[in-house]
>>> print(open('structure_25.cif').read())   # mmCIF, C-alpha atoms and all ligand atoms
data_start
loop_
_atom_site.group_PDB
_atom_site.id
_atom_site.type_symbol
_atom_site.label_atom_id
_atom_site.label_comp_id
_atom_site.auth_asym_id
_atom_site.auth_seq_id
_atom_site.Cartn_x
_atom_site.Cartn_y
_atom_site.Cartn_z
ATOM 1 C CA MET A 1 11.296 -10.544 2.993
ATOM 2 C CA GLN A 2 7.553 -10.213 2.783
ATOM 3 C CA MET A 3 6.026 -7.105 4.223
ATOM 4 C CA LYS A 4 3.164 -7.843 6.519
ATOM 5 C CA LYS A 5 0.478 -5.662 7.857
ATOM 6 C CA CYS A 6 -1.010 -5.519 11.310
ATOM 7 C CA LYS A 7 -4.777 -5.590 11.172
ATOM 8 C CA LYS A 8 -5.036 -3.710 14.445
ATOM 9 C CA CYS A 9 -2.684 -0.779 14.159
ATOM 10 C CA LEU A 10 -2.571 -0.977 10.337
ATOM 11 C CA LYS A 11 1.168 -0.619 10.350
ATOM 12 C CA TYR A 12 3.465 -2.522 8.060
ATOM 13 C CA THR A 13 5.902 -4.791 9.763
ATOM 14 C CA LEU A 14 8.253 -7.643 9.106
ATOM 15 C CA LYS A 15 7.210 -9.372 12.294
ATOM 16 C CA ASN A 16 4.772 -12.250 12.370
ATOM 17 C CA GLU A 17 2.888 -10.704 15.226
ATOM 18 C CA CYS A 18 1.886 -7.224 16.200
ATOM 19 C CA CYS A 19 -0.489 -5.931 18.842
ATOM 20 C CA GLY A 20 -0.778 -9.492 20.113
ATOM 21 C CA GLU A 21 -2.216 -10.752 16.830
ATOM 22 C CA LYS A 22 -0.781 -12.427 13.789
ATOM 23 C CA THR A 23 -0.024 -10.086 10.979
ATOM 24 C CA GLY A 24 -1.305 -10.780 7.506
ATOM 25 C CA ALA A 25 0.536 -10.573 4.240
ATOM 26 C CA SER A 26 0.109 -7.138 2.803
ATOM 27 C CA ALA A 27 -1.550 -6.793 -0.548
ATOM 28 C CA PRO A 28 0.834 -6.667 -3.465
ATOM 29 C CA PRO A 29 1.897 -3.132 -4.263
ATOM 30 C CA LYS A 30 -0.261 -1.485 -6.865
ATOM 31 C CA PHE A 31 1.407 1.864 -6.826
ATOM 32 C CA SER A 32 2.477 1.542 -10.429
ATOM 33 C CA ILE A 33 -1.122 1.096 -11.538
ATOM 34 C CA GLU A 34 -2.430 3.862 -9.348
ATOM 35 C CA ASP A 35 0.378 6.123 -10.444
ATOM 36 C CA ARG A 36 -0.592 5.600 -14.066
ATOM 37 C CA PHE A 37 -4.217 6.452 -13.384
ATOM 38 C CA TRP A 38 -3.120 9.415 -11.323
ATOM 39 C CA LYS A 39 -1.067 10.784 -14.185
ATOM 40 C CA GLN A 40 -3.980 10.309 -16.578
ATOM 41 C CA ARG A 41 -6.270 12.191 -14.223
ATOM 42 C CA MET A 42 -3.769 14.962 -13.782
ATOM 43 C CA LYS A 43 -3.367 15.240 -17.534
ATOM 44 C CA ALA A 44 -7.125 15.344 -17.985
ATOM 45 C CA ARG A 45 -7.276 18.244 -15.571
ATOM 46 C CA GLY A 46 -4.458 20.003 -17.314
ATOM 47 C CA LEU A 47 -2.361 19.936 -14.182
ATOM 48 C CA LEU A 48 0.354 17.776 -15.675
ATOM 49 C CA LYS A 49 2.179 18.765 -18.811
HETATM 50 ZN ZN ZN G 101 -0.013 -3.641 15.460
#
>>> encode(input="structure_25.cif", output="structure tokens")
Amino acid sequence: MQMKKCKKCLKYTLKNECCGEKTGASAPPKFSIEDRFWKQRMKARGLLK
């Protein structure tokens, strides 16, 4: 299953249509990358041990 995103209400859905418009494929998850940067930032601030 590919998660799709409605361009109108910006909600993720599995449907092909939402709000009367076709939904687009959501961008690939980049949480792992962001999480790594987040941890580096937190470490730099001394908030993460
Ligand atoms: Zn929608």
>>> atom_distance(input="structure_25.cif", atom1="atom CA of A:Arg41", atom2="atom CA of A:Ser26")
26.5 Å
>>> closest_atom_pairs(input="structure_25.cif", of="chain A", to="ligand ZN 101 (chain G)", cutoff="7 Å", atoms="only C-alpha atoms and all ligand atoms", output="tab-separated table")
residue	atom	partner	partner_atom	distance
A:Cys6	CA	G:ZN101	ZN	4.7
A:Lys7	CA	G:ZN101	ZN	6.7
A:Lys8	CA	G:ZN101	ZN	5.1
A:Cys9	CA	G:ZN101	ZN	4.1
A:Leu10	CA	G:ZN101	ZN	6.3
A:Lys11	CA	G:ZN101	ZN	6.1
A:Cys18	CA	G:ZN101	ZN	4.1
A:Cys19	CA	G:ZN101	ZN	4.1
>>> atom_distance(input="structure_25.cif", atom1="atom CA of A:Arg36", atom2="atom CA of A:Lys4")
24.9 Å
>>> atom_distance(input="structure_25.cif", atom1="atom CA of A:Met1", atom2="atom CA of A:Gly24")
13.4 Å
>>> resolve_selection(input="structure_25.cif", expression="the PyMOL selection byres (((chain A and resi 25) around 10) and not hetatm)", output="number ranges by chain")
A: 2-6, 12-14, 16, 22-24, 26-28
>>> write_last_selection(input="structure_25.cif", atoms="C-alpha atoms", output="mmCIF file, in the frame of the given file")
data_model
loop_
_atom_site.group_PDB
_atom_site.id
_atom_site.type_symbol
_atom_site.label_atom_id
_atom_site.label_comp_id
_atom_site.auth_asym_id
_atom_site.auth_seq_id
_atom_site.Cartn_x
_atom_site.Cartn_y
_atom_site.Cartn_z
ATOM 1 C CA GLN A 2 7.553 -10.213 2.783
ATOM 2 C CA MET A 3 6.026 -7.105 4.223
ATOM 3 C CA LYS A 4 3.164 -7.843 6.519
ATOM 4 C CA LYS A 5 0.478 -5.662 7.857
ATOM 5 C CA CYS A 6 -1.010 -5.519 11.310
ATOM 6 C CA TYR A 12 3.465 -2.522 8.060
ATOM 7 C CA THR A 13 5.902 -4.791 9.763
ATOM 8 C CA LEU A 14 8.253 -7.643 9.106
ATOM 9 C CA ASN A 16 4.772 -12.250 12.370
ATOM 10 C CA LYS A 22 -0.781 -12.427 13.789
ATOM 11 C CA THR A 23 -0.024 -10.086 10.979
ATOM 12 C CA GLY A 24 -1.305 -10.780 7.506
ATOM 13 C CA SER A 26 0.109 -7.138 2.803
ATOM 14 C CA ALA A 27 -1.550 -6.793 -0.548
ATOM 15 C CA PRO A 28 0.834 -6.667 -3.465
#
